[in-house]
$ cat work.cif   # mmCIF, C-alpha atoms
data_structure
#
loop_
_atom_site.label_atom_id
_atom_site.label_comp_id
_atom_site.auth_asym_id
_atom_site.auth_seq_id
_atom_site.Cartn_x
_atom_site.Cartn_y
_atom_site.Cartn_z
CA MET L 1 31.69 -26.38 -9.89
CA GLU L 2 31.34 -29.36 -7.59
CA HIS L 3 27.86 -30.27 -6.57
CA ALA L 4 28.65 -32.31 -3.47
CA ASN L 5 26.67 -31.52 -0.32
CA VAL L 6 24.38 -28.97 -1.97
CA ALA L 7 21.23 -30.78 -0.89
CA THR L 8 20.23 -34.40 -0.38
CA GLU L 9 16.87 -33.77 -2.04
CA ILE L 10 18.50 -33.24 -5.42
CA THR L 11 18.96 -36.45 -7.39
CA ILE L 12 19.80 -35.00 -10.79
CA HIS L 13 21.93 -31.89 -10.89
CA HIS L 14 21.38 -29.19 -13.45
CA GLU L 15 24.52 -28.16 -15.24
CA PRO L 16 24.70 -24.37 -14.98
CA SER L 17 24.82 -22.73 -18.39
CA ASP L 18 28.03 -20.93 -19.27
CA SER L 19 26.62 -17.96 -21.12
CA THR L 20 24.06 -15.34 -20.22
CA LYS L 21 22.75 -15.21 -23.79
CA ARG L 22 19.39 -16.74 -22.87
CA ILE L 23 18.84 -14.20 -20.07
CA TRP L 24 19.45 -11.24 -22.36
CA LYS L 25 17.30 -12.75 -25.06
CA VAL L 26 14.39 -12.98 -22.62
CA PHE L 27 15.09 -9.42 -21.48
CA TRP L 28 14.63 -8.15 -25.05
CA ILE L 29 11.51 -10.26 -25.49
CA LEU L 30 10.02 -8.78 -22.30
CA LEU L 31 10.96 -5.27 -23.31
CA ILE L 32 9.48 -5.58 -26.79
CA ILE L 33 6.26 -7.13 -25.47
CA THR L 34 5.95 -4.30 -22.94
CA MET L 35 6.43 -1.69 -25.68
CA VAL L 36 3.76 -3.34 -27.83
CA GLU L 37 1.40 -3.45 -24.84
CA LEU L 38 2.05 0.19 -24.17
CA GLY L 39 1.41 1.07 -27.80
CA LEU L 40 -1.91 -0.78 -27.69
CA GLY L 41 -2.81 0.87 -24.36
CA LEU L 42 -2.07 4.29 -25.83
CA SER L 43 -4.03 3.49 -28.97
CA LEU L 44 -7.06 2.91 -26.77
CA TYR L 45 -6.52 6.43 -25.46
CA ALA L 46 -5.68 8.08 -28.78
CA LEU L 47 -8.59 6.55 -30.68
CA SER L 48 -10.95 6.95 -27.68
CA LEU L 49 -12.81 3.88 -28.87
CA PRO L 50 -16.35 3.31 -27.67
CA GLU L 51 -17.12 0.17 -25.72
CA GLY L 52 -17.36 -2.52 -28.35
CA LEU L 53 -15.74 -5.35 -30.22
CA ARG L 54 -12.64 -3.43 -31.34
CA MET L 55 -11.86 -2.24 -27.81
CA HIS L 56 -12.33 -5.73 -26.41
CA LEU L 57 -10.05 -7.17 -29.08
CA ILE L 58 -7.28 -4.72 -28.19
CA LYS L 59 -7.70 -5.36 -24.46
CA GLY L 60 -7.75 -9.12 -25.09
CA THR L 61 -4.50 -8.85 -27.04
CA ILE L 62 -2.90 -6.93 -24.16
CA ILE L 63 -3.99 -9.64 -21.71
CA ILE L 64 -2.55 -12.42 -23.88
CA LEU L 65 0.74 -10.51 -24.22
CA SER L 66 0.89 -10.14 -20.42
CA LEU L 67 0.41 -13.89 -20.03
CA ALA L 68 3.30 -14.41 -22.46
CA LYS L 69 5.46 -12.13 -20.29
CA ALA L 70 4.47 -14.09 -17.20
CA TYR L 71 5.43 -17.33 -18.99
CA TYR L 72 8.91 -16.03 -19.84
CA ILE L 73 9.55 -14.69 -16.32
CA VAL L 74 8.46 -17.92 -14.62
CA SER L 75 10.00 -20.30 -17.12
CA VAL L 76 13.40 -18.67 -17.69
CA PHE L 77 14.07 -16.12 -14.93
CA MET L 78 12.67 -18.33 -12.17
CA HIS L 79 14.06 -21.46 -13.88
CA LEU L 80 10.80 -23.36 -13.46
CA GLY L 81 11.16 -24.62 -17.01
CA ASP L 82 14.38 -26.41 -15.99
CA GLU L 83 12.74 -28.32 -13.14
CA ILE L 84 11.33 -31.82 -13.54
CA ARG L 85 7.72 -32.35 -14.54
CA ASN L 86 6.54 -33.50 -11.08
CA MET L 87 7.64 -30.20 -9.57
CA ILE L 88 6.22 -28.03 -12.35
CA MET L 89 2.81 -29.69 -12.05
CA THR L 90 2.51 -29.09 -8.30
CA ILE L 91 2.86 -25.35 -9.01
CA VAL L 92 0.92 -25.04 -12.26
CA VAL L 93 -2.07 -27.30 -11.61
CA PRO L 94 -3.35 -25.41 -8.49
CA LEU L 95 -3.08 -22.16 -10.46
CA MET L 96 -5.72 -23.54 -12.86
CA LEU L 97 -8.21 -22.52 -10.16
CA PHE L 98 -7.74 -18.98 -11.45
CA ILE L 99 -9.65 -19.84 -14.63
CA TRP L 100 -12.81 -20.53 -12.65
CA PHE L 101 -12.04 -17.80 -10.15
CA ILE L 102 -11.76 -15.05 -12.79
CA LEU L 103 -14.71 -16.16 -14.93
CA ALA L 104 -17.08 -16.63 -11.97
CA PHE L 105 -16.34 -13.32 -10.29
CA ILE L 106 -16.28 -11.18 -13.43
CA TYR L 107 -19.61 -12.73 -14.42
CA ASP L 108 -20.92 -11.93 -10.95
CA GLY L 109 -19.84 -8.29 -11.15
CA ASN L 110 -21.35 -7.91 -14.59
CA SER L 111 -24.65 -9.43 -13.49
CA TYR L 112 -24.73 -7.10 -10.48
CA LYS L 113 -24.40 -4.14 -12.82
CA ASN L 114 -27.22 -5.40 -15.06
CA LEU L 115 -29.50 -6.02 -12.10
CA ARG L 116 -28.91 -2.56 -10.68
CA ASN L 117 -29.49 -0.89 -14.04
CA LYS L 118 -32.71 -2.85 -14.39
CA TYR L 119 -34.21 -2.34 -10.95
CA ASP L 120 -32.71 0.97 -9.80
CA PRO L 121 -33.67 3.68 -12.33
CA TYR L 122 -31.99 6.36 -10.25
CA TYR L 123 -28.67 4.52 -10.40
CA LYS L 124 -28.91 4.07 -14.14
CA GLU L 125 -29.80 7.70 -14.68
CA ARG L 126 -26.92 8.88 -12.53
CA THR L 127 -24.23 6.78 -14.18
CA ILE L 128 -25.25 5.80 -17.70
CA GLU L 129 -26.59 9.13 -18.85
CA GLN L 130 -23.39 10.89 -17.90
CA LYS L 131 -21.41 8.39 -19.85
CA GLU L 132 -23.50 8.85 -22.97
CA LYS L 133 -23.24 12.58 -22.60
CA LYS L 134 -19.49 12.20 -22.49
CA ALA L 135 -19.43 9.97 -25.55
CA GLU L 136 -21.50 12.22 -27.82
CA THR L 137 -20.40 15.66 -26.82
CA PRO L 138 -22.12 18.00 -29.31
CA ALA L 139 -25.46 16.20 -29.33
CA GLN L 140 -26.65 17.14 -25.84
CA PRO L 141 -25.71 20.68 -24.95
CA GLY L 142 -28.54 21.32 -22.50
CA GLY L 143 -28.02 18.38 -20.23
CA LYS L 144 -26.53 20.20 -17.28
CA ASP L 145 -28.66 19.01 -14.37
CA MET F 146 25.23 -42.19 -5.22
CA THR F 147 26.87 -42.44 -8.61
CA THR F 148 25.55 -40.98 -11.80
CA THR F 149 24.77 -44.34 -13.40
CA ALA F 150 22.67 -45.39 -10.44
CA VAL F 151 20.70 -42.18 -10.75
CA SER F 152 19.93 -42.50 -14.43
CA GLN F 153 18.52 -45.98 -13.86
CA HIS F 154 15.92 -44.59 -11.50
CA GLN F 155 15.09 -41.45 -13.39
CA THR F 156 11.58 -42.50 -14.31
CA LYS F 157 10.68 -43.87 -10.88
CA TRP F 158 10.42 -40.65 -8.93
CA TRP F 159 7.74 -41.99 -6.61
CA SER F 160 9.41 -45.31 -5.74
CA GLY F 161 10.94 -43.89 -2.57
CA GLY F 162 14.44 -43.09 -1.39
CA LYS F 163 14.57 -39.69 -3.09
CA SER F 164 12.65 -36.47 -3.33
CA PRO F 165 10.14 -36.75 -6.20
CA PHE F 166 10.54 -33.04 -6.91
CA ASN F 167 14.31 -32.94 -7.24
CA VAL F 168 14.40 -29.52 -5.56
CA GLU F 169 16.10 -28.50 -2.34
CA TYR F 170 13.62 -28.21 0.56
CA GLY F 171 13.87 -24.45 1.14
CA LYS F 172 13.53 -23.69 -2.56
CA LEU F 173 10.49 -25.96 -2.86
CA MET F 174 8.86 -24.21 0.08
CA MET F 175 9.64 -20.84 -1.48
CA TRP F 176 7.77 -22.01 -4.58
CA TYR F 177 4.76 -23.02 -2.52
CA PHE F 178 4.82 -19.74 -0.64
CA LEU F 179 4.87 -17.86 -3.93
CA MET F 180 2.01 -19.97 -5.23
CA SER F 181 -0.10 -19.08 -2.19
CA ASP F 182 0.96 -15.44 -2.47
CA SER F 183 -0.18 -15.41 -6.08
CA PHE F 184 -3.62 -16.40 -4.82
CA THR F 185 -3.57 -13.46 -2.43
CA PHE F 186 -2.73 -11.04 -5.22
CA GLY F 187 -5.11 -12.85 -7.53
CA ALA F 188 -7.95 -12.44 -5.04
CA PHE F 189 -7.25 -8.71 -4.75
CA LEU F 190 -7.11 -8.19 -8.49
CA ILE F 191 -10.19 -10.31 -9.15
CA SER F 192 -12.09 -8.38 -6.48
CA TYR F 193 -11.05 -5.18 -8.27
CA GLY F 194 -12.22 -6.65 -11.57
CA THR F 195 -15.56 -7.65 -10.06
CA ILE F 196 -16.24 -4.16 -8.76
CA ARG F 197 -15.10 -2.61 -12.01
CA PHE F 198 -17.47 -4.82 -14.00
CA SER F 199 -20.31 -3.85 -11.67
CA GLN F 200 -19.92 -0.13 -12.54
CA ASN F 201 -21.32 1.74 -15.49
CA TYR F 202 -18.40 4.15 -15.48
CA TRP F 203 -14.73 3.59 -14.69
CA PRO F 204 -11.94 6.17 -15.14
CA SER F 205 -9.58 5.57 -18.06
CA PRO F 206 -5.98 5.02 -16.87
CA SER F 207 -4.59 7.28 -19.61
CA TYR F 208 -6.39 10.23 -18.01
CA VAL F 209 -5.43 9.35 -14.45
CA PHE F 210 -1.76 8.49 -14.97
CA ASN F 211 -0.53 11.15 -17.35
CA THR F 212 2.14 13.04 -15.43
CA PHE F 213 5.89 12.73 -15.21
CA PRO F 214 8.17 14.15 -12.50
CA GLY F 215 9.57 17.49 -13.60
CA ALA F 216 7.29 17.72 -16.64
CA GLY F 217 4.70 19.91 -14.90
CA GLU F 218 1.24 19.75 -16.41
CA ALA F 219 2.33 18.12 -19.68
CA ASN F 220 -0.02 15.36 -20.80
CA LEU F 221 2.16 12.24 -20.96
CA PRO F 222 -0.14 9.26 -20.54
CA LEU F 223 1.49 6.13 -19.12
CA ALA F 224 5.04 7.49 -19.56
CA PHE F 225 6.03 7.34 -15.90
CA VAL F 226 4.59 3.90 -15.29
CA SER F 227 6.48 2.65 -18.34
CA LEU F 228 9.68 3.84 -16.71
CA MET F 229 8.72 2.01 -13.49
CA THR F 230 8.03 -1.16 -15.48
CA PHE F 231 11.37 -0.87 -17.25
CA ILE F 232 13.18 -0.42 -13.91
CA LEU F 233 11.53 -3.53 -12.50
CA ILE F 234 12.28 -5.66 -15.60
CA MET F 235 15.88 -4.44 -15.49
CA SER F 236 16.25 -5.34 -11.81
CA SER F 237 14.84 -8.78 -12.61
CA VAL F 238 17.59 -9.21 -15.19
CA THR F 239 20.32 -8.18 -12.74
CA MET F 240 18.84 -10.63 -10.22
CA VAL F 241 18.94 -13.52 -12.67
CA LEU F 242 22.53 -12.55 -13.51
CA ALA F 243 23.37 -12.71 -9.78
CA VAL F 244 21.84 -16.20 -9.65
CA HIS F 245 23.85 -17.11 -12.75
CA GLU F 246 27.10 -15.99 -11.09
CA GLY F 247 26.04 -17.93 -7.99
CA HIS F 248 25.78 -21.13 -10.06
CA HIS F 249 29.43 -20.64 -10.95
CA GLY F 250 30.42 -19.77 -7.37
CA ASN F 251 31.67 -16.35 -8.44
CA LYS F 252 31.45 -14.26 -5.29
CA SER F 253 32.34 -10.85 -6.74
CA GLY F 254 29.85 -11.35 -9.58
CA VAL F 255 27.07 -12.17 -7.13
CA VAL F 256 27.87 -9.11 -5.01
CA LYS F 257 27.96 -6.82 -8.05
CA TRP F 258 24.62 -7.93 -9.51
CA MET F 259 22.89 -8.07 -6.11
CA ALA F 260 23.93 -4.47 -5.53
CA TRP F 261 22.42 -3.44 -8.89
CA THR F 262 19.23 -5.32 -8.05
CA ILE F 263 18.93 -3.39 -4.79
CA VAL F 264 19.48 -0.12 -6.64
CA GLY F 265 16.69 -1.06 -9.07
CA GLY F 266 14.34 -1.92 -6.21
CA LEU F 267 15.01 1.39 -4.47
CA CYS F 268 14.45 3.31 -7.72
CA PHE F 269 11.12 1.56 -8.17
CA LEU F 270 10.05 2.39 -4.61
CA SER F 271 11.01 6.05 -5.08
CA CYS F 272 8.95 6.20 -8.27
CA GLN F 273 5.99 4.73 -6.46
CA ALA F 274 6.37 7.21 -3.60
CA TRP F 275 6.36 10.08 -6.10
CA GLU F 276 3.32 8.72 -7.90
CA TRP F 277 1.32 8.25 -4.69
CA HIS F 278 2.26 11.70 -3.45
CA HIS F 279 1.30 13.26 -6.76
CA LEU F 280 -2.09 11.53 -6.83
CA ILE F 281 -2.98 12.29 -3.21
CA THR F 282 -1.94 15.96 -3.28
CA GLY F 283 -3.44 16.70 -6.71
CA HIS F 284 -6.11 19.37 -7.21
CA HIS F 285 -8.91 18.53 -9.61
CA ALA F 286 -12.11 20.50 -9.88
CA VAL F 287 -15.05 18.23 -9.10
CA LEU F 288 -18.72 19.13 -9.36
CA VAL F 289 -19.77 17.85 -5.96
CA ASP F 290 -23.38 19.06 -5.97
CA PRO F 291 -25.05 19.63 -9.39
CA ALA F 292 -28.05 21.34 -7.76
CA THR F 293 -26.02 24.24 -6.41
CA ASN F 294 -23.09 23.93 -8.85
CA LYS F 295 -20.79 23.44 -5.87
CA ILE F 296 -17.23 22.68 -6.93
CA GLU F 297 -14.48 21.28 -4.73
CA GLU F 298 -10.83 20.53 -5.46
CA TRP F 299 -10.03 16.91 -4.85
CA GLY F 300 -6.97 14.70 -4.93
CA GLN F 301 -7.17 10.96 -5.41
CA SER F 302 -7.70 9.33 -2.01
CA MET F 303 -9.49 6.39 -0.45
CA ARG F 304 -12.66 8.45 -0.04
CA HIS F 305 -12.51 10.78 -3.03
CA ASN F 306 -12.20 10.02 -6.70
CA PRO F 307 -11.90 13.09 -8.93
CA TRP F 308 -11.82 11.08 -12.19
CA GLY F 309 -15.51 10.96 -12.98
CA PRO F 310 -17.05 11.82 -16.35
CA ALA F 311 -16.40 15.35 -17.57
CA VAL F 312 -19.12 17.96 -17.13
CA GLU F 313 -19.96 19.72 -20.39
CA ASN F 314 -19.89 23.51 -20.71
CA MET F 315 -18.22 24.06 -17.38
CA THR F 316 -14.71 25.14 -16.46
CA TYR F 317 -13.15 26.12 -13.18
CA HIS F 318 -10.13 28.46 -13.36
CA GLY F 319 -9.65 27.31 -16.93
CA GLU F 320 -9.65 23.65 -15.93
CA LYS F 321 -12.26 21.13 -17.00
CA VAL F 322 -14.71 20.01 -14.34
CA THR F 323 -15.58 16.38 -13.67
CA ARG F 324 -18.12 14.57 -11.57
CA PRO F 325 -17.04 12.32 -8.70
CA GLY F 326 -15.81 8.96 -10.01
CA PRO F 327 -16.37 5.55 -8.42
CA VAL F 328 -15.00 5.65 -4.87
CA ALA F 329 -13.68 2.07 -5.06
CA PHE F 330 -10.94 3.16 -7.48
CA GLY F 331 -8.77 4.73 -4.76
CA GLY F 332 -9.08 1.87 -2.32
CA TYR F 333 -8.15 -0.71 -4.93
CA PHE F 334 -5.36 1.33 -6.45
CA PHE F 335 -3.66 2.22 -3.18
CA GLY F 336 -4.42 -1.16 -1.63
CA ILE F 337 -3.02 -3.29 -4.45
CA THR F 338 -0.07 -1.12 -5.51
CA GLY F 339 0.66 -0.64 -1.79
CA PHE F 340 0.64 -4.38 -1.18
CA HIS F 341 2.91 -4.83 -4.18
CA GLY F 342 5.14 -1.99 -2.99
CA PHE F 343 5.36 -3.69 0.39
CA HIS F 344 6.55 -6.84 -1.38
CA VAL F 345 9.18 -4.81 -3.23
CA PHE F 346 10.25 -3.24 0.05
CA SER F 347 10.62 -6.58 1.83
CA GLY F 348 12.38 -7.92 -1.29
CA VAL F 349 14.92 -5.11 -1.05
CA ILE F 350 15.48 -5.93 2.65
CA ILE F 351 15.99 -9.62 1.80
CA ASN F 352 18.36 -8.68 -1.02
CA VAL F 353 20.39 -6.44 1.29
CA ILE F 354 20.74 -9.35 3.74
CA MET F 355 21.79 -11.64 0.87
CA LEU F 356 24.31 -9.06 -0.31
CA ILE F 357 25.87 -8.81 3.14
CA MET F 358 25.99 -12.60 3.50
CA ALA F 359 27.58 -12.96 0.06
CA GLN F 360 30.06 -10.17 0.75
CA THR F 361 31.16 -11.64 4.10
CA GLY F 362 31.69 -15.03 2.46
CA VAL F 363 28.93 -16.98 4.24
CA PHE F 364 27.79 -18.64 1.00
CA GLU F 365 31.36 -19.24 -0.11
CA ARG F 366 32.04 -21.21 3.09
CA ARG F 367 28.72 -23.04 2.64
CA GLY F 368 29.87 -24.07 -0.84
CA HIS F 369 26.74 -23.00 -2.70
CA TYR F 370 24.63 -19.94 -3.45
CA LEU F 371 21.20 -21.53 -3.02
CA MET F 372 20.02 -18.65 -0.81
CA ILE F 373 20.58 -16.25 -3.71
CA GLU F 374 18.36 -18.49 -5.83
CA LYS F 375 15.59 -18.40 -3.23
CA ALA F 376 15.79 -14.63 -2.83
CA GLY F 377 15.82 -14.46 -6.62
CA LEU F 378 12.59 -16.46 -6.82
CA TYR F 379 10.93 -13.96 -4.51
CA TRP F 380 12.26 -11.00 -6.47
CA HIS F 381 11.08 -12.39 -9.81
CA PHE F 382 7.70 -13.02 -8.26
CA VAL F 383 7.49 -9.34 -7.36
CA ASP F 384 8.24 -8.54 -11.00
CA LEU F 385 5.65 -11.08 -12.10
CA VAL F 386 2.96 -9.50 -9.93
CA TRP F 387 3.82 -6.11 -11.40
CA VAL F 388 3.09 -7.51 -14.87
CA PHE F 389 -0.49 -8.06 -13.74
CA VAL F 390 -0.83 -4.89 -11.65
CA PHE F 391 0.43 -2.96 -14.70
CA LEU F 392 -2.08 -4.80 -16.85
CA CYS F 393 -5.10 -4.31 -14.60
CA PHE F 394 -4.56 -0.73 -13.45
CA TYR F 395 -2.65 1.01 -16.21
CA LEU F 396 -3.27 -0.74 -19.51
CA ILE F 397 -6.88 -1.87 -19.67
#
$ encode --input "work.cif" --output "structure tokens"
Amino acid sequence: MEHANVATEITIHHEPSDSTKRIWKVFWILLIITMVELGLGLSLYALSLPEGLRMHLIKGTIIILSLAKAYYIVSVFMHLGDEIRNMIMTIVVPLMLFIWFILAFIYDGNSYKNLRNKYDPYYKERTIEQKEKKAETPAQPGGKD
Amino acid sequence: MTTTAVSQHQTKWWSGGKSPFNVEYGKLMMWYFLMSDSFTFGAFLISYGTIRFSQNYWPSPSYVFNTFPGAGEANLPLAFVSLMTFILIMSSVTMVLAVHEGHHGNKSGVVKWMAWTIVGGLCFLSCQAWEWHHLITGHHAVLVDPATNKIEEWGQSMRHNPWGPAVENMTYHGEKVTRPGPVAFGGYFFGITGFHGFHVFSGVIINVIMLIMAQTGVFERRGHYLMIEKAGLYWHFVDLVWVFVFLCFYLI
């Protein structure tokens, strides 16, 4: 195909690929990652794991797999990987703000929970006790308040 | 400008006389719009995460999302949302195939794959409509007042959350009874999936316009299918956001 008059901003033209092999490859990658994520999500349910290291490891794995999916969608489907470095950096560098954004706010939420549990006994009693009761079913039969 | 002249200046993108980003203006602006939109979604999801971390109890998605249309009361955790995810991934593939055909100036190919993308988008929206309707109109026995053992039947709404911790030794018409869950769940769920659904909806509208313009030969006369690429960027972004909505609401 001729590239004349497409846009004056474009100095170097990308040659369009002839086959759709790459697209379908990424489709299978996305599908398999999604299945694995789903399996892990269901394992959380099936094992009914208590809050702890194992649960956090599984959730962490799911998050990393989702980031891999995001990478494939942006890089191949949105063709960002084919653009020049200058362009990629103007998109990717501002997104680095998310690292601070997520860490700061999650930390804030967690600290709010700890403060409330510490200084509001009624709140702790209302929410934590129920949860423990749910976790160890046969141990507390008489706890119907 | 000839090819040899270009290759000589390849490393001097900032020396003037050419765009340092090597991307057509509209497409570049679409990228910046999507970047800002990702901050909007990011802010919503991080706000949800903050509230969730500030709670001692949060409902498990496998208990909340366990129904499938036509399957009645069968316990099928995450099955329906997997179907929705598959539909959206599939429509992303048909979109990228439309862009691929556009690169080769193949009008009928573009029209065909755009049509499939629209079908995928409409399927996704229908699934979401069913899911919302099912959650809102559900009946779940909730122990509203432990002092008097008062039980009410709640659906999931902005004000009511029936997915609290289960109450031991208590059933209501053979169904297990729960306490009220954190109210914020409904607002975040409907707010964020609704905002995403609105993006899907506007994406479908944009795709329909692109389909009509491709069909009537507007892009053919223009000599390029750049508009399909820009609409495609938006559509993939919608898919990308779903990856994270799926992650935050359904998986973890």
$ closest_residue --input "work.cif" --among "F:Ser207, F:Asn251, F:Thr262, F:Thr338" --to "F:Gln360" --atoms "all atoms listed in the file"
F:Asn251
$ residues_around --input "work.cif" --residues "stretch 105-111 of chain L" --least-positions-apart "3" --cutoff "6 Å" --atoms "all atoms listed in the file" --output "JSON, numbers by chain"
{"L": [102, 114], "F": [195, 196, 198, 199]}
$ interface_residues --input "work.cif" --of "chain F" --to "chain L" --cutoff "8 Å" --atoms "all atoms listed in the file" --output "VMD selection string"
chain F and resid 151 163 to 170 176 to 177 180 187 191 to 192 194 to 202 207 222 to 223 227 231 234 to 235 237 to 238 241 to 242 245 248 to 250 291 to 292 310 to 314 368 to 369 377 to 378 381 385 388 to 389 392 396 to 397
$ atom_distance --input "work.cif" --atom1 "atom CA of F:Met175" --atom2 "atom CA of F:Glu365"
21.8 Å
$ atom_distance --input "work.cif" --atom1 "atom CA of F:Lys252" --atom2 "atom CA of L:Lys21"
20.5 Å
$ atom_distance --input "work.cif" --atom1 "atom CA of F:Val256" --atom2 "atom CA of F:Met355"
8.8 Å
$ closest_residue --input "work.cif" --among "F:Gly162, F:Gly342, F:Gly247, F:Gly362" --to "F:Ser271" --atoms "only C-alpha atoms"
F:Gly342
$ axis_aligned_box --input "work.cif" --around "stretch 90-100 of chain L" --padding-each-side "8 Å" --output "JSON"
{"center_x": -5.0, "center_y": -24.0, "center_z": -11.5, "size_x": 31.7, "size_y": 26.1, "size_z": 22.3}
